[in-house]
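Enquirer: I am sharing start31.txt, which consists of compact mmCIF, C-alpha atoms:
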```txt
# COMPACT_ATOMS: atom_id res chain seq x y z
CA MET A 1 25.74 -35.43 39.11
CA ILE A 2 25.62 -31.70 38.45
CA LEU A 3 23.03 -29.27 37.14
CA LYS A 4 24.10 -26.74 34.52
CA GLU A 5 21.95 -23.85 33.35
CA ALA A 6 20.42 -24.54 29.96
CA LYS A 7 21.70 -22.44 27.06
CA ILE A 8 20.11 -21.57 23.75
CA THR A 9 22.53 -23.98 22.07
CA ASP A 10 20.85 -26.82 24.00
CA TRP A 11 17.64 -26.38 22.01
CA LYS A 12 17.92 -29.59 19.95
CA LEU A 13 18.63 -31.85 22.91
CA LEU A 14 15.78 -30.35 24.94
CA LEU A 15 13.37 -30.50 21.98
CA ASP A 16 14.16 -34.17 21.36
CA TRP A 17 13.49 -35.00 25.01
CA ARG A 18 10.30 -32.92 25.02
CA ASN A 19 8.87 -34.53 21.89
CA GLU A 20 9.70 -38.12 22.86
CA ALA A 21 6.49 -40.19 23.10
CA GLU A 22 6.67 -41.11 26.79
CA ALA A 23 7.54 -37.54 27.79
CA ARG A 24 4.56 -36.21 25.83
CA LYS A 25 2.27 -38.82 27.37
CA ASN A 26 3.18 -37.60 30.87
CA SER A 27 3.13 -33.89 30.04
CA HIS A 28 0.25 -31.48 30.56
CA THR A 29 0.43 -30.76 26.83
CA ASN A 30 0.75 -33.84 24.63
CA ALA A 31 1.24 -32.21 21.24
CA ILE A 32 4.53 -32.33 19.39
CA VAL A 33 6.32 -29.00 19.74
CA SER A 34 7.73 -27.40 16.59
CA GLN A 35 11.36 -26.34 16.34
CA GLN A 36 10.35 -22.68 15.99
CA ALA A 37 8.00 -22.75 19.00
CA HIS A 38 10.57 -24.58 21.09
CA LYS A 39 13.37 -22.14 20.30
CA LYS A 40 11.08 -19.24 21.26
CA TRP A 41 10.09 -21.01 24.49
CA LEU A 42 13.72 -21.75 25.34
CA HIS A 43 14.80 -18.16 24.73
CA ASN A 44 11.94 -16.88 26.90
CA SER A 45 12.83 -19.43 29.59
CA ILE A 46 16.47 -18.36 29.69
CA VAL A 47 15.64 -14.65 30.08
CA ASN A 48 12.82 -15.25 32.60
CA SER A 49 14.12 -14.33 36.05
CA ASN A 50 11.42 -16.49 37.69
CA ARG A 51 12.47 -19.64 35.84
CA ARG A 52 15.43 -21.89 36.54
CA LEU A 53 16.09 -24.36 33.76
CA TYR A 54 18.90 -26.87 34.07
CA ILE A 55 20.34 -29.85 32.27
CA ALA A 56 21.49 -32.64 34.58
CA PHE A 57 24.82 -34.26 33.76
CA ASP A 58 26.30 -37.52 34.98
CA ASN A 59 29.99 -36.96 34.35
CA GLU A 60 29.86 -35.27 30.93
CA THR A 61 26.70 -37.01 29.75
CA PRO A 62 23.39 -35.08 29.68
CA ILE A 63 20.74 -37.26 31.31
CA GLY A 64 17.71 -35.03 31.75
CA THR A 65 16.33 -31.63 32.52
CA VAL A 66 14.78 -30.02 35.59
CA ARG A 67 12.91 -26.76 35.87
CA ALA A 68 11.65 -24.60 38.73
CA ASP A 69 9.20 -21.79 38.01
CA PHE A 70 8.73 -19.30 40.82
CA GLU A 71 5.06 -18.35 41.09
CA ASP A 72 4.87 -14.71 42.13
CA GLY A 73 2.37 -14.04 44.88
CA LYS A 74 2.32 -17.68 45.92
CA ASP A 75 5.95 -17.98 47.10
CA VAL A 76 6.22 -21.46 45.65
CA TYR A 77 8.25 -23.13 42.90
CA LEU A 78 6.46 -25.32 40.37
CA LEU A 79 8.79 -28.19 39.45
CA SER A 80 9.05 -30.04 36.17
CA TRP A 81 11.48 -32.67 34.90
CA THR A 82 12.27 -35.02 32.05
CA VAL A 83 14.71 -37.91 32.05
CA ALA A 84 16.31 -38.84 28.72
CA PRO A 85 14.78 -42.12 27.50
CA GLN A 86 18.00 -44.15 27.72
CA PHE A 87 18.49 -43.15 31.39
CA ARG A 88 14.99 -43.89 32.73
CA GLY A 89 14.60 -46.44 35.48
CA LYS A 90 18.18 -46.02 36.72
CA GLY A 91 17.65 -43.54 39.56
CA PHE A 92 18.87 -40.48 37.68
CA GLY A 93 15.50 -38.71 37.85
CA LYS A 94 15.38 -39.09 41.62
CA ARG A 95 18.86 -37.68 42.04
CA MET A 96 18.45 -34.71 39.71
CA VAL A 97 15.13 -33.58 41.19
CA LYS A 98 16.42 -33.99 44.73
CA LEU A 99 19.46 -31.89 43.78
CA LEU A 100 17.20 -29.14 42.44
CA VAL A 101 14.89 -29.21 45.47
CA SER A 102 17.86 -29.00 47.85
CA ALA A 103 19.01 -25.80 46.09
CA LEU A 104 15.64 -24.06 46.39
CA LYS A 105 14.60 -21.88 49.29
CA GLY A 106 10.97 -22.08 50.30
CA GLN A 107 8.21 -24.36 49.18
CA ALA A 108 7.89 -26.29 45.95
CA LYS A 109 5.22 -28.34 44.27
CA ALA A 110 4.89 -30.79 41.41
CA GLU A 111 1.79 -31.48 39.36
CA ILE A 112 1.92 -35.10 38.20
CA ILE A 113 -0.45 -36.83 35.80
CA GLU A 114 -2.24 -39.64 37.61
CA GLY A 115 -0.68 -42.96 36.67
CA ASN A 116 2.83 -41.56 36.12
CA LYS A 117 4.41 -43.90 38.66
CA ALA A 118 7.99 -42.92 37.78
CA SER A 119 7.38 -39.22 38.52
CA ILE A 120 5.54 -40.06 41.73
CA LYS A 121 8.58 -42.02 42.93
CA ILE A 122 10.87 -39.16 41.89
CA ALA A 123 8.79 -36.57 43.75
CA GLU A 124 8.65 -38.68 46.91
CA TYR A 125 12.39 -39.35 46.80
CA ALA A 126 12.99 -35.59 46.55
CA GLY A 127 10.92 -35.07 49.71
CA LEU A 128 7.61 -33.97 48.20
CA ILE A 129 4.45 -35.25 49.86
CA PHE A 130 1.11 -35.97 48.19
CA LYS A 131 -1.46 -33.33 49.19
CA GLU A 132 -4.43 -33.62 46.85
CA LYS A 133 -5.86 -34.81 43.58
CA ARG A 134 -7.83 -32.58 41.20
CA GLU A 135 -9.25 -34.31 38.16
CA ASP A 136 -6.33 -36.40 36.84
CA ILE A 137 -3.55 -34.30 38.43
CA LEU A 138 -1.77 -35.29 41.66
CA TYR A 139 -0.27 -32.42 43.68
CA TYR A 140 2.91 -33.01 45.65
CA TRP A 141 4.41 -30.37 47.98
CA ILE A 142 7.47 -29.69 50.06
CA LYS A 143 7.90 -26.88 52.57
CA LYS A 144 11.36 -25.98 53.80
```
Written as structure tokens, that's how I'd like the structure from this file.
Expert:
Amino acid sequence: MILKEAKITDWKLLLDWRNEAEARKNSHTNAIVSQQAHKKWLHNSIVNSNRRLYIAFDNETPIGTVRADFEDGKDVYLLSWTVAPQFRGKGFGKRMVKLLVSALKGQAKAEIIEGNKASIKIAEYAGLIFKEKREDILYYWIKK
């Protein structure tokens, strides 16, 4: 498995994954994202020096996306990920998030919607440890 930086030409693939029902259910924002809004977000993500956005590939097949947003002043990365629907439940999410975490220097956290058992397993596999719950969000952290 490898991680490749996302490009503007990846917009359709990323939008399809983002708008898929299960992905929206487990996202902090559940609304369907428009093509125009997504393209703007992707462009801003690519030029943002505090954001790392990757597509994970197994051989030549894209299987998901991982993101790390560096929070200035907090010295921590906020992690996010999505596994393509046809690759869920096969261990790909665990491997791609662990690969991202191993490339980061410093601490990282993930904010997971309570009840999202797949993401909890992914976070724990990548070395993140549950720290607290606020409302319906579980906070997982790793310090390196």
Enquirer: From (14.3, -36.0, 24.2), in the file's coordinates, out to 12 Å: which residues are reached, counting only C-alpha atoms? Answer as an NGL selection string.
Expert: :A and (10-24 or 32-33 or 55 or 62-65 or 81-88)
Enquirer: Restricting the calculation to only C-alpha atoms, which member of A:Tyr125, A:Trp41, A:Phe70, A:Tyr54 is positioned closest to Lys4 (chain A)?
Expert: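 Among the listed residues, A:Tyr54 lies closest to Lys4 (chain A).
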Enquirer: If we count all atoms listed in the file, what is near Leu100 (chain A) at a cut-off of 12 Å, once residues fewer than 4 positions away on the same chain are taken out, given as a PyMOL selection string?
Expert: chain A and resi 1-5+52-56+65-69+77-81+93-96+104-105+108+122-123+126-127
Enquirer: So which one's closest to His38 (chain A), A:Asn50, A:Ile142, A:Ile8, A:Phe130? Using all atoms listed in the file, please.
Expert: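 Of A:Asn50, A:Ile142, A:Ile8, A:Phe130, the one nearest His38 (chain A), counting all atoms listed in the file, is A:Ile8.
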Enquirer: Between A:Lys131, A:Gly89, A:Asn48, A:Tyr140, which one has atoms that come closest to Glu111 (chain A), using all atoms listed in the file?
Expert: A:Tyr140
Enquirer: What does the distance from CA of Lys40 (chain A) to CA of His28 (chain A) come to in Å, to one decimal?
Expert: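 Interatomic distance here is 18.8 Å.
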Enquirer: Which distance in Å separates CA of Thr9 (chain A) and CA of Leu42 (chain A), to one decimal?
Expert: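 Atom-to-atom, CA of Thr9 (chain A) to CA of Leu42 (chain A), that is 9.7 Å.
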Enquirer: If I take CA of Ala118 (chain A) and CA of Leu138 (chain A), how far is one from the other in Å, to one decimal?
Expert: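 Result for CA of Ala118 (chain A) versus CA of Leu138 (chain A): 13.0 Å, one decimal.
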Enquirer: Which residue gives the smallest distance to Ile113 (chain A) among A:Arg51, A:Lys133, A:Lys98, A:Lys7, with all atoms listed in the file counted?
Expert: A:Lys133
Enquirer: Have a look at A:Trp141, A:Lys25, A:Gln36, A:Glu132 and name the one nearest to Val76 (chain A); count all atoms listed in the file.
Expert: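 Result for the nearest residue to Val76 (chain A): A:Trp141.
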Enquirer: With distances taken over only C-alpha atoms, which of A:Glu71, A:Arg134, A:Phe92, A:Val101 is nearest to Glu114 (chain A)?
Expert: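 Using only C-alpha atoms, Glu114 (chain A) sits closest to A:Arg134.
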